[in-house]
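Enquirer: Handing over final.txt, compact mmCIF, C-alpha atoms and all ligand atoms.
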```txt
# COMPACT_ATOMS: atom_id res chain seq x y z
CA MET A 1 14.45 -10.05 9.93
CA ASN A 2 17.64 -10.30 7.95
CA LYS A 3 17.07 -14.00 7.35
CA ARG A 4 17.26 -14.49 3.64
CA GLU A 5 15.59 -17.45 2.07
CA ALA A 6 15.95 -18.90 -1.40
CA GLY A 7 14.16 -16.56 -3.79
CA ASP A 8 14.48 -13.65 -1.33
CA THR A 9 18.10 -12.63 -0.96
CA VAL A 10 18.14 -8.85 -1.33
CA ARG A 11 17.98 -6.40 1.59
CA ALA A 12 18.34 -2.65 1.00
CA VAL A 13 17.85 -1.28 4.52
CA MET A 14 19.47 -2.67 7.66
CA TRP A 15 20.30 -1.64 11.20
CA GLU A 16 23.83 -2.72 12.00
CA GLU A 17 26.12 -1.86 14.88
CA GLY A 18 24.28 1.27 15.88
CA ALA A 19 23.94 2.69 12.37
CA VAL A 20 21.66 2.52 9.34
CA ARG A 21 23.16 0.52 6.50
CA LEU A 22 21.71 1.25 3.06
CA LEU A 23 22.43 -0.38 -0.25
CA ASP A 24 23.08 2.68 -2.41
CA GLN A 25 20.47 2.23 -5.15
CA ARG A 26 21.87 5.07 -7.27
CA ARG A 27 24.91 2.91 -8.02
CA LEU A 28 23.15 -0.31 -8.97
CA PRO A 29 23.62 -2.38 -11.05
CA GLY A 30 27.23 -1.22 -11.63
CA ALA A 31 28.30 -1.34 -7.99
CA GLU A 32 26.96 -2.88 -4.80
CA ASP A 33 27.95 -0.16 -2.38
CA TYR A 34 26.64 0.26 1.16
CA LEU A 35 26.30 3.53 3.03
CA ARG A 36 26.71 3.56 6.79
CA LEU A 37 24.71 6.43 8.26
CA ARG A 38 25.07 7.58 11.84
CA SER A 39 22.88 10.71 11.85
CA ALA A 40 19.24 11.45 11.11
CA ALA A 41 20.35 14.25 8.76
CA ALA A 42 22.31 11.75 6.69
CA VAL A 43 19.26 9.46 6.51
CA GLY A 44 17.13 12.43 5.33
CA ASP A 45 19.70 13.17 2.59
CA ALA A 46 19.77 9.52 1.51
CA ILE A 47 15.97 9.54 1.13
CA ARG A 48 15.93 12.87 -0.74
CA ASN A 49 18.77 11.83 -3.05
CA MET A 50 17.26 8.40 -3.78
CA ALA A 51 20.05 6.29 -2.27
CA VAL A 52 17.05 4.57 -0.68
CA ARG A 53 13.73 4.74 -2.52
CA GLY A 54 10.41 2.92 -2.76
CA ALA A 55 7.62 3.90 -0.37
CA PRO A 56 7.95 1.23 2.36
CA ALA A 57 11.78 1.30 2.29
CA ILE A 58 11.72 5.07 2.75
CA GLY A 59 9.44 4.65 5.78
CA ILE A 60 11.68 2.00 7.35
CA ALA A 61 14.85 4.03 6.74
CA ALA A 62 13.14 7.06 8.33
CA ALA A 63 12.11 4.96 11.37
CA TYR A 64 15.76 4.01 11.91
CA GLY A 65 16.61 7.69 11.32
CA VAL A 66 14.37 8.57 14.26
CA VAL A 67 16.41 6.19 16.43
CA LEU A 68 19.57 8.07 15.44
CA ALA A 69 17.86 11.41 16.08
CA ALA A 70 16.75 10.30 19.55
CA ARG A 71 20.31 9.23 20.34
CA GLU A 72 21.65 12.64 19.23
CA CYS A 73 18.99 14.59 21.12
CA HIS A 74 19.36 12.48 24.27
CA GLU A 75 23.14 12.98 24.27
CA ARG A 76 22.61 16.74 23.98
CA GLN A 77 19.57 17.34 26.14
CA GLY A 78 19.16 14.33 28.45
CA ARG A 79 15.59 13.76 29.66
CA ASP A 80 14.36 16.69 27.54
CA TRP A 81 15.36 14.95 24.30
CA ARG A 82 11.79 14.89 22.97
CA GLU A 83 11.66 18.68 22.74
CA ALA A 84 14.37 18.66 20.09
CA MET A 85 12.75 15.97 17.93
CA ASP A 86 10.12 18.03 16.11
CA PRO A 87 12.38 19.72 13.54
CA VAL A 88 14.11 16.40 12.84
CA LEU A 89 10.80 14.66 12.18
CA GLN A 90 9.72 17.53 9.96
CA THR A 91 12.90 17.37 7.88
CA LEU A 92 12.67 13.60 7.50
CA GLY A 93 8.96 13.82 6.64
CA ALA A 94 9.55 16.38 3.90
CA ALA A 95 12.28 14.37 2.16
CA ARG A 96 9.84 12.75 -0.32
CA PRO A 97 6.28 14.09 -0.42
CA THR A 98 4.22 11.43 -2.22
CA ALA A 99 5.13 8.19 -0.41
CA VAL A 100 2.80 8.22 2.58
CA ASN A 101 4.67 5.38 4.29
CA LEU A 102 7.20 8.01 5.31
CA ARG A 103 4.64 9.98 7.32
CA TRP A 104 3.06 6.75 8.58
CA ALA A 105 6.37 5.44 9.94
CA LEU A 106 7.26 8.76 11.57
CA GLU A 107 3.87 8.90 13.29
CA ARG A 108 4.30 5.37 14.55
CA MET A 109 7.70 6.25 15.97
CA ARG A 110 6.37 9.44 17.55
CA ALA A 111 3.63 7.46 19.27
CA ARG A 112 6.36 5.67 21.25
CA PHE A 113 8.08 8.83 22.50
CA ALA A 114 6.02 8.94 25.67
CA ASP A 115 7.21 5.44 26.74
CA ALA A 116 10.83 6.13 25.85
CA VAL A 117 11.87 8.80 28.32
CA ASP A 118 15.16 7.54 29.75
CA ALA A 119 16.56 5.13 27.18
CA PRO A 120 15.02 6.31 23.92
CA GLU A 121 17.45 4.57 21.60
CA THR A 122 16.68 1.07 22.88
CA MET A 123 12.93 1.49 22.93
CA LEU A 124 12.67 3.27 19.59
CA LEU A 125 14.94 0.73 17.96
CA GLU A 126 12.49 -1.96 19.04
CA GLU A 127 9.70 -0.08 17.27
CA ALA A 128 11.73 0.53 14.11
CA ARG A 129 12.67 -3.17 13.98
CA LEU A 130 9.03 -4.10 14.42
CA ILE A 131 8.00 -1.83 11.54
CA HIS A 132 10.67 -3.51 9.43
CA GLU A 133 9.68 -7.07 10.41
CA GLN A 134 5.99 -6.40 9.90
CA ASP A 135 6.67 -4.98 6.47
CA ILE A 136 8.45 -8.17 5.37
CA ALA A 137 5.75 -10.40 6.88
CA GLY A 138 3.04 -8.32 5.18
CA ASN A 139 4.83 -8.57 1.86
CA ARG A 140 5.01 -12.36 2.11
CA ARG A 141 1.30 -12.51 2.88
CA MET A 142 0.51 -10.16 -0.01
CA GLY A 143 2.76 -12.16 -2.29
CA ASP A 144 0.92 -15.35 -1.50
CA LEU A 145 -2.52 -13.74 -1.86
CA GLY A 146 -1.63 -12.05 -5.14
CA ALA A 147 0.13 -15.08 -6.61
CA GLY A 148 -3.14 -17.02 -6.66
CA GLN A 149 -4.44 -14.48 -9.19
CA ILE A 150 -1.51 -14.80 -11.58
CA THR A 151 -1.15 -16.94 -14.65
CA GLY A 152 1.45 -16.63 -17.39
CA ALA A 153 3.32 -13.41 -18.10
CA VAL A 154 3.44 -10.42 -15.76
CA LEU A 155 4.36 -6.89 -16.71
CA THR A 156 5.67 -4.70 -13.90
CA TYR A 157 6.78 -1.11 -13.59
CA CYS A 158 9.41 0.78 -11.61
CA ASN A 159 10.80 -1.31 -8.75
CA ALA A 160 8.37 -2.51 -6.13
CA GLY A 161 10.64 -5.23 -4.84
CA SER A 162 12.92 -6.02 -1.91
CA LEU A 163 14.85 -2.90 -2.80
CA ALA A 164 11.74 -0.77 -2.34
CA THR A 165 10.58 -2.38 0.92
CA GLY A 166 11.88 -4.07 4.06
CA GLY A 167 12.28 -7.19 1.95
CA TYR A 168 10.43 -9.57 -0.45
CA GLY A 169 8.63 -6.67 -2.15
CA THR A 170 5.03 -5.78 -2.95
CA ALA A 171 4.56 -6.23 -6.72
CA LEU A 172 7.76 -8.30 -6.83
CA GLY A 173 6.54 -10.20 -3.76
CA VAL A 174 3.60 -11.32 -5.91
CA VAL A 175 6.09 -12.17 -8.67
CA ARG A 176 8.31 -14.13 -6.21
CA SER A 177 5.39 -16.14 -4.82
CA ALA A 178 3.93 -16.78 -8.27
CA TRP A 179 7.32 -17.92 -9.55
CA ARG A 180 7.77 -20.26 -6.57
CA ASP A 181 4.29 -21.71 -7.22
CA GLY A 182 4.95 -22.24 -10.93
CA ARG A 183 2.20 -19.80 -11.94
CA LEU A 184 4.46 -17.37 -13.75
CA ASP A 185 6.36 -17.92 -16.96
CA GLN A 186 7.71 -14.48 -17.81
CA VAL A 187 8.32 -11.07 -16.23
CA PHE A 188 8.44 -8.00 -18.43
CA ALA A 189 10.17 -5.10 -16.64
CA CYS A 190 9.57 -1.62 -18.06
CA GLU A 191 12.69 0.56 -17.99
CA THR A 192 10.91 3.35 -16.07
CA ARG A 193 12.31 6.64 -17.29
CA PRO A 194 14.07 8.70 -16.05
CA TRP A 195 15.60 6.93 -13.04
CA MET A 196 15.44 3.54 -14.74
CA GLN A 197 14.27 1.70 -11.64
CA GLY A 198 12.94 -1.11 -13.85
CA ALA A 199 16.14 -1.61 -15.82
CA ARG A 200 18.66 -0.93 -13.08
CA LEU A 201 16.84 -2.32 -10.05
CA THR A 202 14.02 -4.73 -10.95
CA VAL A 203 16.09 -6.70 -13.45
CA TRP A 204 19.08 -6.77 -11.07
CA GLU A 205 16.93 -7.82 -8.11
CA LEU A 206 15.20 -10.61 -10.00
CA GLN A 207 18.56 -11.82 -11.32
CA GLN A 208 19.82 -12.15 -7.73
CA ASP A 209 17.00 -14.62 -7.09
CA GLY A 210 17.16 -16.46 -10.40
CA ILE A 211 13.81 -15.18 -11.72
CA PRO A 212 14.08 -14.51 -15.46
CA ALA A 213 13.10 -10.99 -16.48
CA THR A 214 12.87 -9.38 -19.88
CA LEU A 215 13.57 -5.68 -20.11
CA ILE A 216 11.38 -3.55 -22.38
CA THR A 217 11.24 0.17 -23.08
CA ASP A 218 8.30 1.93 -21.45
CA ALA A 219 6.93 2.62 -24.92
CA ALA A 220 6.83 -1.10 -25.80
CA ALA A 221 4.21 -2.03 -23.19
CA ALA A 222 1.17 -1.29 -25.36
CA SER A 223 2.32 -3.29 -28.36
CA LEU A 224 3.26 -6.24 -26.14
CA MET A 225 -0.26 -6.18 -24.71
CA GLN A 226 -1.73 -5.89 -28.20
CA ALA A 227 0.24 -8.96 -29.23
CA GLY A 228 -1.30 -10.93 -26.33
CA ARG A 229 2.02 -11.42 -24.56
CA VAL A 230 1.00 -9.92 -21.18
CA ARG A 231 -1.54 -11.68 -18.95
CA ASN A 232 -1.27 -9.49 -15.84
CA VAL A 233 0.03 -6.04 -14.89
CA VAL A 234 1.27 -5.78 -11.29
CA THR A 235 2.58 -2.57 -9.71
CA GLY A 236 3.19 -1.15 -6.25
CA ALA A 237 1.91 2.16 -4.88
CA ASP A 238 3.21 5.22 -3.07
CA ARG A 239 -0.11 6.41 -1.70
CA ILE A 240 -3.63 5.09 -2.08
CA ALA A 241 -6.50 7.45 -1.24
CA ALA A 242 -9.53 6.34 0.77
CA ASN A 243 -11.47 5.82 -2.47
CA GLY A 244 -8.77 3.63 -4.06
CA ASP A 245 -7.16 6.24 -6.34
CA THR A 246 -3.55 5.10 -6.52
CA ALA A 247 -0.38 7.17 -6.84
CA ASN A 248 2.63 5.33 -8.21
CA LYS A 249 5.62 6.02 -10.44
CA ILE A 250 4.89 8.33 -13.37
CA GLY A 251 3.68 6.17 -16.27
CA THR A 252 1.61 3.79 -14.14
CA TYR A 253 -1.63 5.53 -15.10
CA GLY A 254 -0.87 5.04 -18.80
CA LEU A 255 -0.23 1.34 -18.20
CA ALA A 256 -3.57 1.01 -16.41
CA VAL A 257 -5.37 2.64 -19.34
CA ILE A 258 -3.81 0.35 -21.92
CA ALA A 259 -4.28 -2.72 -19.72
CA ARG A 260 -8.01 -1.93 -19.46
CA HIS A 261 -8.19 -1.39 -23.25
CA HIS A 262 -6.76 -4.85 -23.78
CA GLY A 263 -8.80 -6.54 -21.03
CA ILE A 264 -5.69 -7.33 -18.96
CA PRO A 265 -6.15 -7.32 -15.16
CA PHE A 266 -4.35 -4.46 -13.44
CA MET A 267 -3.23 -5.40 -9.92
CA VAL A 268 -1.83 -3.05 -7.27
CA ALA A 269 0.02 -4.69 -4.38
CA ALA A 270 0.56 -2.42 -1.39
CA PRO A 271 0.53 -2.69 2.40
CA THR A 272 -2.18 -0.87 4.35
CA SER A 273 0.54 1.56 5.49
CA THR A 274 0.34 2.92 1.92
CA ILE A 275 -3.38 3.67 2.25
CA ASP A 276 -3.99 7.24 3.37
CA LEU A 277 -7.50 7.43 4.79
CA ALA A 278 -7.01 11.19 5.25
CA ALA A 279 -6.83 11.60 1.47
CA ALA A 280 -10.35 11.34 0.05
CA GLY A 281 -9.20 10.98 -3.55
CA ALA A 282 -6.61 11.88 -6.19
CA ALA A 283 -6.83 15.64 -5.52
CA ASP A 284 -5.50 15.12 -1.99
CA ILE A 285 -2.35 13.30 -3.06
CA PRO A 286 0.72 15.56 -3.35
CA ILE A 287 2.75 14.80 -6.44
CA GLU A 288 6.51 15.16 -6.18
CA HIS A 289 8.23 17.10 -8.96
CA ARG A 290 11.98 16.66 -9.28
CA ASP A 291 14.77 18.50 -11.02
CA ALA A 292 14.34 18.96 -14.79
CA GLU A 293 17.93 17.78 -15.24
CA GLU A 294 16.75 14.26 -14.50
CA ILE A 295 15.13 14.28 -17.93
CA THR A 296 17.36 16.63 -19.93
CA ARG A 297 20.42 14.46 -19.20
CA VAL A 298 21.05 10.74 -19.42
CA GLY A 299 23.98 9.37 -17.42
CA GLY A 300 25.31 12.90 -16.93
CA VAL A 301 25.22 13.63 -20.69
CA GLU A 302 22.96 16.40 -22.05
CA THR A 303 20.27 14.89 -24.30
CA ALA A 304 18.19 18.05 -24.81
CA PRO A 305 19.31 21.46 -26.08
CA ALA A 306 20.50 24.01 -23.54
CA GLY A 307 17.60 26.03 -22.21
CA THR A 308 15.03 23.26 -22.73
CA CYS A 309 11.94 23.79 -20.64
CA ALA A 310 11.19 20.44 -19.00
CA GLU A 311 8.65 19.26 -16.49
CA ASN A 312 9.34 16.29 -14.27
CA PRO A 313 6.41 15.03 -12.19
CA VAL A 314 7.59 11.70 -10.78
CA PHE A 315 4.28 10.13 -9.80
CA ASP A 316 0.81 9.96 -11.34
CA VAL A 317 -2.54 8.82 -10.02
CA THR A 318 -4.46 5.91 -11.46
CA PRO A 319 -8.19 6.30 -10.80
CA ALA A 320 -9.62 3.50 -8.66
CA ALA A 321 -11.93 2.51 -11.52
CA LEU A 322 -8.91 1.24 -13.48
CA VAL A 323 -7.60 -0.91 -10.61
CA ASP A 324 -9.02 -4.42 -10.95
CA LEU A 325 -7.44 -5.82 -7.83
CA LEU A 326 -5.87 -4.29 -4.73
CA VAL A 327 -3.79 -6.75 -2.74
CA THR A 328 -2.88 -5.82 0.85
CA GLU A 329 -1.60 -7.85 3.79
CA LYS A 330 -5.13 -7.74 5.24
CA GLY A 331 -6.76 -9.17 2.15
CA LEU A 332 -7.62 -8.70 -1.43
CA ILE A 333 -10.14 -6.21 -2.84
CA ARG A 334 -11.67 -6.57 -6.29
CA GLY A 335 -12.59 -3.16 -7.74
CA PRO A 336 -11.46 -1.07 -4.74
CA ASP A 337 -13.69 1.80 -3.67
CA ARG A 338 -14.35 3.82 -0.53
CA ASP A 339 -16.71 1.27 1.05
CA LYS A 340 -14.54 -1.77 0.41
CA ILE A 341 -11.43 0.02 1.69
CA SER A 342 -13.14 1.18 4.87
CA ALA A 343 -14.47 -2.39 5.39
CA LEU A 344 -10.90 -3.68 5.03
CA PHE A 345 -9.72 -1.39 7.85
CA ALA A 346 -12.76 -2.21 9.97
CA SER A 347 -11.95 -5.93 9.65
CA GLY A 348 -8.93 -5.38 11.97
O1 LIG B 1 10.77 7.29 -6.98
P1 LIG B 1 10.77 5.93 -6.37
O2 LIG B 1 11.77 5.01 -6.96
O3 LIG B 1 10.83 5.99 -4.86
O4 LIG B 1 9.33 5.35 -6.75
C1 LIG B 1 8.99 4.08 -6.30
C2 LIG B 1 7.70 3.60 -6.81
O5 LIG B 1 6.98 4.29 -7.50
C3 LIG B 1 7.26 2.24 -6.35
O6 LIG B 1 6.49 1.61 -7.33
C4 LIG B 1 6.42 2.39 -5.08
O7 LIG B 1 7.13 3.09 -4.10
C5 LIG B 1 6.00 1.08 -4.53
S1 LIG B 1 7.35 0.27 -3.77
C6 LIG B 1 6.89 -1.13 -3.01
```
As structure tokens, please, write out the structure in this file.

Expert:
Amino acid sequence: MNKREAGDTVRAVMWEEGAVRLLDQRRLPGAEDYLRLRSAAAVGDAIRNMAVRGAPAIGIAAAYGVVLAARECHERQGRDWREAMDPVLQTLGAARPTAVNLRWALERMRARFADAVDAPETMLLEEARLIHEQDIAGNRRMGDLGAGQITGAVLTYCNAGSLATGGYGTALGVVRSAWRDGRLDQVFACETRPWMQGARLTVWELQQDGIPATLITDAAAASLMQAGRVRNVVTGADRIAANGDTANKIGTYGLAVIARHHGIPFMVAAPTSTIDLAAAGAADIPIEHRDAEEITRVGGVETAPAGTCAENPVFDVTPAALVDLLVTEKGLIRGPDRDKISALFASG
């Protein structure tokens, strides 16, 4: 799982010596600091505070958090450890509301509780590791499927890379595979206000693997498209409804609109763990709102007058009709809709 190949060297979430090890993404690119977390509460804080972020990475960190919780509860309550797990799962699950991979991973872990009566840590760790390994394998598959659709320059948003997943990345998995196959000549990374995941994380991550990236402001995307310099837009997703409506970092919807205006294919790369069949459409996707200070300050410095009223939704929903291609580990869907998505799940 931690095997790193050329072109795929970054890992943000690890299980090491009985603890969760996280690359603290708040400090990148200035510092490469690792947190060593030994309690489920600490993992919940790390998710809430964005030390780990990106939908699949949040789910994997939470799965390891469940292992820590089971250890704590077993030490305290012996064979009755499962009774104490509910509040822990609830706290972990509430840490970030939009990324459905969090709920998905917690449900998968809970499904193993019944088999893990006497030695929960060992058995649950197996499941968490499996979730992690499957995520990386799925990303490689998605990368290879998506790469076949790429030619020339790609524009990407936020960070949907190794840092946001178990490894290899979703959108950046497509970028990695396309770069390896010689199909890609340029990556434009949007800054992604206000957390700057594009500038701080995507550019850093691609630099680690020697893939050239050009940073642009979010506002420059439209004029770059108008000038014919973007051939594909590729993003990840935090939750995809059963009809293909896609929640991703705030600003993604705008990119999809301008891509359609310019006739540029808009590709979403996401594992099936990001598809929420219980959400019929956009209206069923909860949108996380974060502290207004994230936009009234930059780097700790006030950039808006005191008392500014600010609103900070951190995700938006792109209607399925604007998604040209959905790439998952199970296959590729052109023009995703309810029927095609349910056929994808039915295909096994
Ligand atoms: O707020 P973040 O940084 O967790 O948001 C992340 C994104 O929006 C990513 O694009 C998404 O999770 C897909 S990651 C493979």

Enquirer: If you count only C-alpha atoms and all ligand atoms, which residues end up within 7 Å of ligand LIG 1 (chain B), as a list in words?

Expert: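 Here is the list of contacting residues: Met50, Arg53, Gly54, Ala55, Pro56, Ala99, Tyr157, Cys158, Asn159, Ala160, Gly161, Ala164, Thr165, Gly169, Thr170, Ala171, Gln197, Thr235, Gly236, Ala237, Asp238, Asn248, Lys249, Ala270, Val314 and Phe315 of chain A.
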
Enquirer: Using all atoms listed in the file, list the residues that have an atom at most 8 Å from (6.6, 5.6, -21.3), coordinates as in the file, as a list of chain:residue names.

Expert: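 Checked against the point, the hits come out as A:Thr192, A:Arg193, A:Thr217, A:Asp218, A:Ala219, A:Gly251, A:Gly254.
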
Enquirer: When you count all atoms listed in the file, which of these residues is closest to A:Ser223: A:Gly148, A:Pro120, A:His261, A:Met196?

Expert: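 Checking each candidate against A:Ser223, we get A:His261 as the closest.
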
Enquirer: Of the residues A:Ala12, A:Cys190, A:Leu184, A:Cys73, which is the one nearest to A:Asp118, using only C-alpha atoms?

Expert: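 Closest to A:Asp118, using only C-alpha atoms: A:Cys73.
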
Enquirer: Between A:Met85, A:Ala306, A:Val66, A:Ile287, which one has atoms that come closest to A:Val43, using only C-alpha atoms?

Expert: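 When distances to A:Val43 are compared using only C-alpha atoms, the smallest one comes from A:Val66.
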
Enquirer: Tell me which protein, DNA and RNA residues are within 7 Å of A:Asn312, counting only C-alpha atoms, leaving out same-chain ones fewer than 4 positions away, and put them as a list in words.

Expert: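 Residues near the query, excluding close chain neighbours: His289, Arg290, Asp291 and Ala292 of chain A.
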
Enquirer: Using all atoms listed in the file, which of A:Arg79, A:Gly173, A:Ala247, A:Arg38 sits nearest A:Ala137?

Expert: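 Ranking A:Arg79, A:Gly173, A:Ala247, A:Arg38 by distance to A:Ala137, first place goes to A:Gly173.
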
Enquirer: With distances taken over only C-alpha atoms, which residue among A:Leu255, A:Ala220, A:Ala189, A:Ala283 lies nearest A:Leu172?

Expert: A:Ala189

Enquirer: Between atom CA of A:Pro194 and atom CA of A:Asp284, what distance in Å does the model show, to one decimal?

Expert: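 We find that atom CA of A:Pro194 and atom CA of A:Asp284 lie 24.9 Å from each other.
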
Enquirer: Nearest to A:Thr98: which of A:Thr274, A:Ser342, A:Gln134, A:Thr308 is it, counting only C-alpha atoms?

Expert: A:Thr274

Enquirer: How many Å separate atom CA of A:Ile285 from atom CA of A:Ala269?

Expert: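 According to the coordinates, atom CA of A:Ile285 and atom CA of A:Ala269 are separated by 18.2 Å.
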
Enquirer: In Å, with one decimal, what is the gap from atom CA of A:Asp339 to atom CA of A:Gly244?

Expert: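 Going from atom CA of A:Asp339 over to atom CA of A:Gly244, I get 9.7 Å.
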
Enquirer: Within 10 Å of A:Gly182, counting all atoms listed in the file, which residues qualify if same-chain residues fewer than 2 places away don't, as a PDB file with C-alpha atoms, keeping the file's coordinate frame?

Expert:
```
ATOM      1  CA  ALA A 147       0.130 -15.080  -6.610  1.00  0.00           C
ATOM      2  CA  ILE A 150      -1.510 -14.800 -11.580  1.00  0.00           C
ATOM      3  CA  THR A 151      -1.150 -16.940 -14.650  1.00  0.00           C
ATOM      4  CA  GLY A 152       1.450 -16.630 -17.390  1.00  0.00           C
ATOM      5  CA  ARG A 176       8.310 -14.130  -6.210  1.00  0.00           C
ATOM      6  CA  SER A 177       5.390 -16.140  -4.820  1.00  0.00           C
ATOM      7  CA  ALA A 178       3.930 -16.780  -8.270  1.00  0.00           C
ATOM      8  CA  TRP A 179       7.320 -17.920  -9.550  1.00  0.00           C
ATOM      9  CA  ARG A 180       7.770 -20.260  -6.570  1.00  0.00           C
ATOM     10  CA  LEU A 184       4.460 -17.370 -13.750  1.00  0.00           C
ATOM     11  CA  ASP A 185       6.360 -17.920 -16.960  1.00  0.00           C
TER      12      ASP A 185
END
```

Enquirer: Could you list, as a VMD selection string, every residue within 9 Å of A:Val52, counting only C-alpha atoms and ignoring same-chain residues fewer than 3 positions away?

Expert: chain A and resid 12 to 13 22 to 26 43 46 to 49 57 to 58 61 163 to 164

Enquirer: Would you save the residues of that selection, restricted to C-alpha atoms, as an mmCIF file, in the coordinates of the input?

Expert:
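The file below, result24.cif, is the result:
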```cif
data_model
loop_
_atom_site.group_PDB
_atom_site.id
_atom_site.type_symbol
_atom_site.label_atom_id
_atom_site.label_comp_id
_atom_site.auth_asym_id
_atom_site.auth_seq_id
_atom_site.Cartn_x
_atom_site.Cartn_y
_atom_site.Cartn_z
ATOM 1 C CA ALA A 12 18.340 -2.650 1.000
ATOM 2 C CA VAL A 13 17.850 -1.280 4.520
ATOM 3 C CA LEU A 22 21.710 1.250 3.060
ATOM 4 C CA LEU A 23 22.430 -0.380 -0.250
ATOM 5 C CA ASP A 24 23.080 2.680 -2.410
ATOM 6 C CA GLN A 25 20.470 2.230 -5.150
ATOM 7 C CA ARG A 26 21.870 5.070 -7.270
ATOM 8 C CA VAL A 43 19.260 9.460 6.510
ATOM 9 C CA ALA A 46 19.770 9.520 1.510
ATOM 10 C CA ILE A 47 15.970 9.540 1.130
ATOM 11 C CA ARG A 48 15.930 12.870 -0.740
ATOM 12 C CA ASN A 49 18.770 11.830 -3.050
ATOM 13 C CA ALA A 57 11.780 1.300 2.290
ATOM 14 C CA ILE A 58 11.720 5.070 2.750
ATOM 15 C CA ALA A 61 14.850 4.030 6.740
ATOM 16 C CA LEU A 163 14.850 -2.900 -2.800
ATOM 17 C CA ALA A 164 11.740 -0.770 -2.340
#
```

Enquirer: Please rebuild stretch 182-187 of chain A with all heavy atoms and give the result as a compact mmCIF listing (two decimals), in the coordinates of the input.

Expert:
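The result, written out as rebuild_14.txt:
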```
# COMPACT_ATOMS: atom_id res chain seq x y z
N GLY A 182 5.03 -21.79 -9.53
CA GLY A 182 4.95 -22.24 -10.93
C GLY A 182 3.81 -21.60 -11.71
O GLY A 182 3.35 -22.14 -12.71
N ARG A 183 3.33 -20.44 -11.26
CA ARG A 183 2.20 -19.80 -11.94
C ARG A 183 2.65 -18.77 -12.97
O ARG A 183 1.82 -18.20 -13.69
CB ARG A 183 1.31 -19.11 -10.91
CG ARG A 183 0.77 -20.04 -9.84
CD ARG A 183 -0.19 -19.31 -8.94
NE ARG A 183 -1.36 -18.85 -9.67
CZ ARG A 183 -2.48 -19.55 -9.84
NH1 ARG A 183 -2.58 -20.74 -9.31
NH2 ARG A 183 -3.50 -19.06 -10.52
N LEU A 184 3.93 -18.51 -12.98
CA LEU A 184 4.46 -17.37 -13.75
C LEU A 184 5.45 -17.89 -14.77
O LEU A 184 6.31 -18.71 -14.43
CB LEU A 184 5.18 -16.47 -12.73
CG LEU A 184 5.89 -15.25 -13.20
CD1 LEU A 184 4.86 -14.19 -13.52
CD2 LEU A 184 6.79 -14.72 -12.09
N ASP A 185 5.34 -17.44 -16.03
CA ASP A 185 6.36 -17.92 -16.96
C ASP A 185 7.26 -16.82 -17.50
O ASP A 185 8.26 -17.10 -18.15
CB ASP A 185 5.72 -18.74 -18.10
CG ASP A 185 4.66 -17.96 -18.85
OD1 ASP A 185 4.75 -16.72 -18.89
OD2 ASP A 185 3.73 -18.61 -19.38
N GLN A 186 6.93 -15.56 -17.21
CA GLN A 186 7.71 -14.48 -17.81
C GLN A 186 7.45 -13.19 -17.05
O GLN A 186 6.31 -12.92 -16.67
CB GLN A 186 7.21 -14.33 -19.26
CG GLN A 186 7.69 -13.15 -20.01
CD GLN A 186 9.03 -13.42 -20.66
OE1 GLN A 186 10.02 -13.50 -19.96
NE2 GLN A 186 9.06 -13.53 -21.96
N VAL A 187 8.51 -12.41 -16.81
CA VAL A 187 8.32 -11.07 -16.23
C VAL A 187 8.84 -10.04 -17.22
O VAL A 187 10.01 -10.12 -17.63
CB VAL A 187 9.09 -10.90 -14.89
CG1 VAL A 187 8.84 -9.51 -14.31
CG2 VAL A 187 8.70 -11.97 -13.89
```
